[in-house]
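Containing compact mmCIF, C-alpha atoms and all ligand atoms: coords_12.txt.
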# COMPACT_ATOMS: atom_id res chain seq x y z
CA MET A 1 0.00 0.00 0.00
CA ALA A 2 1.30 3.46 -0.87
CA LEU A 3 -0.65 5.21 1.88
CA GLU A 4 -1.52 3.61 5.18
CA VAL A 5 -3.32 5.21 8.09
CA LYS A 6 -3.50 3.04 11.17
CA GLY A 7 -5.81 4.01 13.98
CA ALA A 8 -5.34 7.77 13.53
CA THR A 9 -7.13 9.73 16.24
CA LYS A 10 -7.07 13.50 16.75
CA LYS A 11 -8.29 15.12 19.93
CA PHE A 12 -8.53 18.85 20.51
CA GLY A 13 -8.66 19.09 24.29
CA GLY A 14 -11.53 16.84 25.32
CA PHE A 15 -13.08 16.81 21.84
CA THR A 16 -12.35 13.93 19.44
CA ALA A 17 -12.36 15.27 15.86
CA VAL A 18 -11.19 12.00 14.26
CA ASP A 19 -11.56 8.66 15.98
CA ASP A 20 -9.49 5.56 15.14
CA LEU A 21 -9.34 6.01 11.37
CA HIS A 22 -7.86 3.24 9.20
CA LEU A 23 -7.09 3.65 5.53
CA SER A 24 -5.10 1.87 2.82
CA VAL A 25 -4.67 3.38 -0.63
CA ASP A 26 -2.65 1.87 -3.49
CA GLN A 27 -0.38 3.92 -5.71
CA GLY A 28 -2.40 5.40 -8.57
CA GLN A 29 -5.75 4.99 -6.82
CA MET A 30 -8.28 7.78 -6.27
CA TYR A 31 -9.88 7.65 -2.81
CA GLY A 32 -12.87 9.70 -1.67
CA PHE A 33 -14.02 10.96 1.71
CA LEU A 34 -17.66 11.86 1.94
CA GLY A 35 -18.89 13.74 4.98
CA ALA A 36 -20.97 16.65 6.19
CA ASN A 37 -19.49 19.83 7.71
CA GLY A 38 -17.42 19.01 10.77
CA ALA A 39 -17.21 15.27 10.00
CA GLY A 40 -13.41 15.34 10.30
CA LYS A 41 -12.26 15.39 6.66
CA THR A 42 -9.85 18.33 6.93
CA THR A 43 -8.43 17.04 10.21
CA THR A 44 -7.82 13.65 8.55
CA PHE A 45 -6.05 15.31 5.62
CA ARG A 46 -3.91 17.43 7.93
CA MET A 47 -2.80 14.30 9.75
CA ILE A 48 -1.97 12.57 6.44
CA LEU A 49 -0.02 15.65 5.32
CA GLY A 50 1.94 15.81 8.55
CA LEU A 51 0.48 19.24 9.37
CA LEU A 52 -1.12 17.81 12.53
CA ASP A 53 0.32 15.08 14.72
CA PRO A 54 -2.21 12.34 15.47
CA THR A 55 -3.00 12.02 19.17
CA GLU A 56 -2.85 8.27 18.58
CA GLY A 57 -2.07 6.08 15.57
CA GLU A 58 0.19 6.69 12.60
CA VAL A 59 0.33 7.62 8.92
CA ARG A 60 2.81 6.00 6.54
CA TRP A 61 3.51 7.00 2.94
CA ASN A 62 5.52 4.31 1.14
CA GLY A 63 6.51 2.99 4.55
CA LYS A 64 7.71 6.32 5.99
CA SER A 65 6.14 9.21 7.85
CA ILE A 66 5.70 12.36 5.75
CA THR A 67 6.11 16.06 6.34
CA TYR A 68 4.30 18.51 4.11
CA ALA A 69 6.69 21.43 4.65
CA SER A 70 9.28 20.44 2.08
CA SER A 71 8.24 17.18 0.48
CA PRO A 72 8.05 17.34 -3.30
CA GLU A 73 6.03 14.12 -3.14
CA ILE A 74 2.94 15.90 -1.82
CA GLY A 75 0.48 18.31 -3.39
CA TYR A 76 -2.33 19.89 -1.39
CA LEU A 77 -5.38 21.90 -2.32
CA PRO A 78 -6.70 23.31 0.98
CA GLU A 79 -10.37 23.97 1.53
CA GLU A 80 -9.73 27.63 2.30
CA ARG A 81 -8.28 29.59 -0.63
CA GLY A 82 -4.52 29.61 -0.29
CA LEU A 83 -3.39 31.94 -3.08
CA TYR A 84 -1.90 35.44 -2.75
CA PRO A 85 -4.52 37.73 -4.31
CA LYS A 86 -2.10 40.49 -5.37
CA MET A 87 0.45 38.20 -7.00
CA LYS A 88 0.40 37.36 -10.70
CA VAL A 89 -0.61 33.79 -11.51
CA GLU A 90 2.69 33.01 -13.23
CA GLU A 91 4.87 34.40 -10.39
CA GLN A 92 2.83 32.54 -7.83
CA LEU A 93 2.75 29.15 -9.56
CA ILE A 94 6.46 29.18 -10.34
CA TYR A 95 7.34 30.32 -6.81
CA LEU A 96 5.25 27.51 -5.26
CA ALA A 97 6.72 24.86 -7.60
CA GLN A 98 10.26 26.04 -6.74
CA LEU A 99 9.43 25.67 -3.03
CA ARG A 100 8.63 22.07 -3.96
CA LYS A 101 12.11 21.72 -5.52
CA MET A 102 11.10 21.98 -9.18
CA PRO A 103 13.57 23.92 -11.36
CA LYS A 104 12.17 27.23 -12.66
CA SER A 105 12.34 26.30 -16.36
CA GLU A 106 10.47 23.04 -15.75
CA ALA A 107 7.89 24.84 -13.56
CA LYS A 108 7.24 27.33 -16.38
CA LYS A 109 6.81 24.51 -18.89
CA GLN A 110 4.38 22.65 -16.63
CA MET A 111 2.48 25.85 -15.86
CA GLU A 112 2.01 26.55 -19.57
CA HIS A 113 0.82 22.98 -20.09
CA TRP A 114 -1.85 23.24 -17.37
CA LEU A 115 -3.01 26.77 -18.28
CA ASP A 116 -3.41 25.53 -21.87
CA ARG A 117 -5.22 22.46 -20.52
CA PHE A 118 -7.77 24.81 -18.94
CA GLU A 119 -7.80 26.97 -22.09
CA VAL A 120 -6.63 30.02 -20.12
CA PRO A 121 -2.99 30.66 -21.18
CA HIS A 122 -3.63 34.43 -20.90
CA TYR A 123 -4.20 34.13 -17.13
CA ALA A 124 -0.44 33.82 -16.55
CA THR A 125 -0.03 37.59 -16.33
CA LYS A 126 -3.24 38.29 -14.38
CA LYS A 127 -3.38 38.85 -10.65
CA VAL A 128 -5.30 36.16 -8.76
CA GLU A 129 -7.78 38.74 -7.43
CA GLU A 130 -8.80 39.57 -11.02
CA LEU A 131 -10.11 36.01 -11.59
CA SER A 132 -13.53 34.58 -10.77
CA LYS A 133 -13.87 32.04 -7.97
CA GLY A 134 -14.04 29.12 -10.43
CA ASN A 135 -10.94 30.32 -12.25
CA GLN A 136 -9.08 30.86 -8.97
CA GLN A 137 -9.88 27.25 -8.11
CA LYS A 138 -8.28 26.11 -11.39
CA ILE A 139 -5.13 28.02 -10.42
CA GLN A 140 -5.31 26.50 -6.94
CA LEU A 141 -5.49 23.01 -8.49
CA ILE A 142 -2.55 23.80 -10.79
CA ALA A 143 -0.60 25.04 -7.73
CA ALA A 144 -1.25 21.70 -6.00
CA LEU A 145 -0.15 19.49 -8.90
CA LEU A 146 2.36 21.60 -10.86
CA HIS A 147 5.44 19.99 -9.28
CA ASN A 148 4.08 16.54 -10.20
CA PRO A 149 3.50 15.11 -6.70
CA SER A 150 2.95 11.39 -6.25
CA LEU A 151 0.34 12.04 -3.53
CA LEU A 152 -2.29 14.70 -4.23
CA ILE A 153 -4.75 15.71 -1.51
CA LEU A 154 -7.74 17.83 -2.50
CA ASP A 155 -9.98 19.21 0.25
CA GLU A 156 -13.42 19.88 -1.24
CA PRO A 157 -12.06 20.92 -4.65
CA PHE A 158 -15.54 21.43 -6.17
CA SER A 159 -17.10 23.35 -3.32
CA GLY A 160 -19.00 26.43 -4.47
CA LEU A 161 -18.21 25.94 -8.18
CA ASP A 162 -20.70 26.00 -11.04
CA PRO A 163 -21.26 22.75 -12.99
CA VAL A 164 -19.08 23.79 -15.94
CA ASN A 165 -16.08 24.45 -13.69
CA VAL A 166 -16.75 21.26 -11.73
CA GLU A 167 -16.53 19.25 -14.97
CA MET A 168 -13.31 21.01 -16.03
CA LEU A 169 -11.65 20.31 -12.69
CA LYS A 170 -12.82 16.69 -12.66
CA SER A 171 -11.39 16.07 -16.10
CA ALA A 172 -8.03 17.67 -15.15
CA ILE A 173 -7.86 15.58 -11.97
CA LEU A 174 -8.52 12.40 -13.98
CA ASP A 175 -5.80 13.40 -16.46
CA PHE A 176 -3.38 13.90 -13.59
CA GLN A 177 -4.29 10.52 -12.11
CA LYS A 178 -3.27 8.89 -15.41
CA GLN A 179 0.30 10.02 -14.69
CA GLY A 180 0.28 7.57 -11.76
CA ALA A 181 -0.49 9.81 -8.79
CA THR A 182 -2.37 8.64 -5.72
CA ILE A 183 -5.21 11.07 -5.10
CA ILE A 184 -7.43 11.63 -2.08
CA PHE A 185 -10.26 14.09 -2.08
CA SER A 186 -13.20 15.10 0.06
CA SER A 187 -16.68 16.11 -0.88
CA HIS A 188 -20.16 16.64 0.49
CA ARG A 189 -21.57 14.92 -2.60
CA MET A 190 -21.86 11.23 -3.36
CA ASP A 191 -22.11 11.79 -7.13
CA HIS A 192 -18.64 13.42 -7.24
CA VAL A 193 -17.07 10.63 -5.20
CA GLU A 194 -18.85 7.96 -7.20
CA GLU A 195 -17.72 9.36 -10.52
CA LEU A 196 -14.04 9.73 -9.65
CA CYS A 197 -13.08 7.22 -7.00
CA ASP A 198 -12.26 3.56 -6.71
CA ASP A 199 -12.78 3.31 -2.95
CA MET A 200 -14.28 5.63 -0.38
CA SER A 201 -15.14 6.24 3.25
CA ILE A 202 -18.08 8.02 4.76
CA LEU A 203 -17.13 10.04 7.82
CA ASP A 204 -19.61 11.14 10.44
CA HIS A 205 -18.64 12.96 13.64
CA GLY A 206 -15.03 11.80 13.28
CA LYS A 207 -15.84 8.14 12.71
CA VAL A 208 -15.79 6.08 9.53
CA VAL A 209 -19.33 4.73 9.33
CA VAL A 210 -18.76 2.73 6.15
CA SER A 211 -15.83 2.22 3.77
CA GLY A 212 -14.85 0.08 0.79
CA SER A 213 -15.40 0.12 -2.96
CA ILE A 214 -18.13 2.45 -4.23
CA ARG A 215 -20.31 -0.59 -4.90
CA GLU A 216 -19.82 -1.97 -1.39
CA VAL A 217 -20.54 1.39 0.22
CA LYS A 218 -23.69 1.88 -1.83
CA ARG A 219 -24.85 -1.63 -1.04
CA SER A 220 -24.37 -1.27 2.70
CA PHE A 221 -25.67 2.28 3.01
CA GLY A 222 -28.17 2.70 0.19
CA LYS A 223 -27.66 5.44 -2.38
CA GLN A 224 -30.79 7.32 -1.38
CA ASN A 225 -29.77 7.49 2.26
CA VAL A 226 -26.33 8.81 1.40
CA ARG A 227 -27.75 11.64 -0.69
CA ILE A 228 -30.28 12.65 1.93
CA LYS A 229 -27.70 12.57 4.65
CA MET A 230 -24.99 14.58 2.91
CA ASP A 231 -26.66 17.15 0.65
P1 LIG B 1 -15.84 21.06 6.84
O1 LIG B 1 -16.44 20.53 5.60
O2 LIG B 1 -16.76 21.97 7.58
O3 LIG B 1 -14.46 21.62 6.68
P2 LIG B 1 -14.60 18.71 7.98
O4 LIG B 1 -15.22 17.40 7.75
O5 LIG B 1 -13.40 19.07 7.17
O6 LIG B 1 -15.72 19.80 7.83
P3 LIG B 1 -12.93 19.27 10.25
O7 LIG B 1 -12.53 20.65 9.78
O8 LIG B 1 -11.92 18.21 10.20
O9 LIG B 1 -14.25 18.80 9.52
O10 LIG B 1 -13.43 19.44 11.74
C1 LIG B 1 -13.88 18.33 12.53
C2 LIG B 1 -14.26 18.84 13.91
O11 LIG B 1 -13.07 19.22 14.61
C3 LIG B 1 -15.16 20.07 13.88
O12 LIG B 1 -16.12 19.94 14.92
C4 LIG B 1 -14.21 21.21 14.15
O13 LIG B 1 -14.86 22.28 14.81
C5 LIG B 1 -13.18 20.55 15.07
N1 LIG B 1 -11.84 21.16 14.94
C6 LIG B 1 -11.09 21.21 13.82
N2 LIG B 1 -9.92 21.82 14.06
C7 LIG B 1 -9.94 22.19 15.38
C8 LIG B 1 -9.02 22.86 16.26
N3 LIG B 1 -7.83 23.28 15.82
N4 LIG B 1 -9.39 23.04 17.54
C9 LIG B 1 -10.58 22.59 17.99
N5 LIG B 1 -11.51 21.94 17.23
C10 LIG B 1 -11.19 21.75 15.95

Starting from the file, give its structure as structure tokens.
Amino acid sequence: MALEVKGATKKFGGFTAVDDLHLSVDQGQMYGFLGANGAGKTTTFRMILGLLDPTEGEVRWNGKSITYASSPEIGYLPEERGLYPKMKVEEQLIYLAQLRKMPKSEAKKQMEHWLDRFEVPHYATKKVEELSKGNQQKIQLIAALLHNPSLLILDEPFSGLDPVNVEMLKSAILDFQKQGATIIFSSHRMDHVEELCDDMSILDHGKVVVSGSIREVKRSFGKQNVRIKMD
């Protein structure tokens, strides 16, 4: 298994945000977390990324613990917008890729590839604050994957986007998966998870209530129930 989470628990004071979470994801697989607000998705991701230490349990990536700060192996799209509004798209993307140890010339090449992929090559010289929310999210996704990470974590990448932008992001994420990356993402919506993922977990109040292949999860939970519960 490329990613293994064994009994990860996170407590904030007396409150348990994530409780005894187990997870195994193969290299190249796309894994989905479905859960309502406050279910523990972001806390789980922060533990996987090494941004939060689990109170109990452990996370292993290819057999080792990981640290987000400098690892070129990891890409992360946070739920809150993480771009500098006053900086030009090009400066920002190249700067972030260099922090992840990618040479500048390669970062520029990759940036041009992904801006072309989204049919927005002219955004390179625009400031982030000049772009719509949907277009900012495309830049945020490019920032997460530009340095070609082998583990990509996307926290609610489609949240608040219109259907056209959702489809564009989905298709780019699937393209990136074809390069061999392991991808984990969270959503409030079963249809997004179902369309993109191999396996999934449903989180509720910090606990995994059901996990497995999409088919297994649907069988044990019932599609109708999942929609009613999460939407
Ligand atoms: P959302 O979709 O709203 O982001 P989520 O599933 O990502 O939800 P988390 O952000 O992981 O949920 O939060 C899980 C629970 O842990 C929530 O009740 C939240 O208030 C609590 N929590 C998260 N971070 C902290 C913290 N630093 N201190 C105290 N409680 C926290």

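Across A:Tyr76, A:Phe221, A:Phe185, A:Trp61, the tightest approach to ligand LIG 1 (chain B) is made by A:Phe185 when counting all atoms listed in the file.
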
Within-10 Å residues of ligand LIG 1 (chain B), basis all atoms listed in the file, as an MDAnalysis selection string: chainID A and resid 10:18 33:47 52 78:80 155:156 159 186:188 203:206

Test item: residues at most 8 Å from Ser213 of chain A, all atoms listed in the file, excluding those fewer than 3 positions along its chain, as a list in words: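 Near neighbours after the sequence-gap exclusion: Asp198, Asp199, Met200, Glu216 and Val217 of chain A.
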
Using only C-alpha atoms: which of A:Val120, A:Met111, A:Leu196, A:Val210 has the shortest distance to Glu167 of chain A: A:Leu196

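If only C-alpha atoms are the atoms counted, then among A:Cys197, A:Arg81, A:Ala181, A:Lys109 the closest residue to Gly160 of chain A is A:Arg81.
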
Distance in Å - atom CA of Val25 of chain A versus atom CA of Thr182 of chain A: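 It comes out at 7.7 Å.
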
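Reported to one decimal place, the separation of atom CA of Leu96 of chain A from atom CA of Ser132 of chain A is 20.8 Å.
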
Proximity to Leu169 of chain A - best of A:Trp114, A:Tyr84, A:Tyr123, A:Tyr95, all atoms listed in the file: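 Answer, going by the shortest atom-to-atom distance: A:Trp114.
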
Separation of atom CA of Gly180 of chain A from atom CA of Gly28 of chain A in Å: 4.7 Å

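If all atoms listed in the file are the atoms counted, then among A:Val128, A:Ile183, A:Leu49, A:Ala97 the closest residue to Asp26 of chain A is A:Ile183.
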
Protein and nucleic acid residues near (-16.5, 24.6, -13.4) (cut-off 12 Å, all atoms listed in the file) as a VMD selection string: chain A and resid 118 132 to 138 157 to 172

Nearest candidate to Asn148 of chain A (options A:Thr55, A:Ser71, A:Ser24, A:Gln92; using only C-alpha atoms):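 Counting only C-alpha atoms, the residue closest to Asn148 of chain A is A:Ser71.
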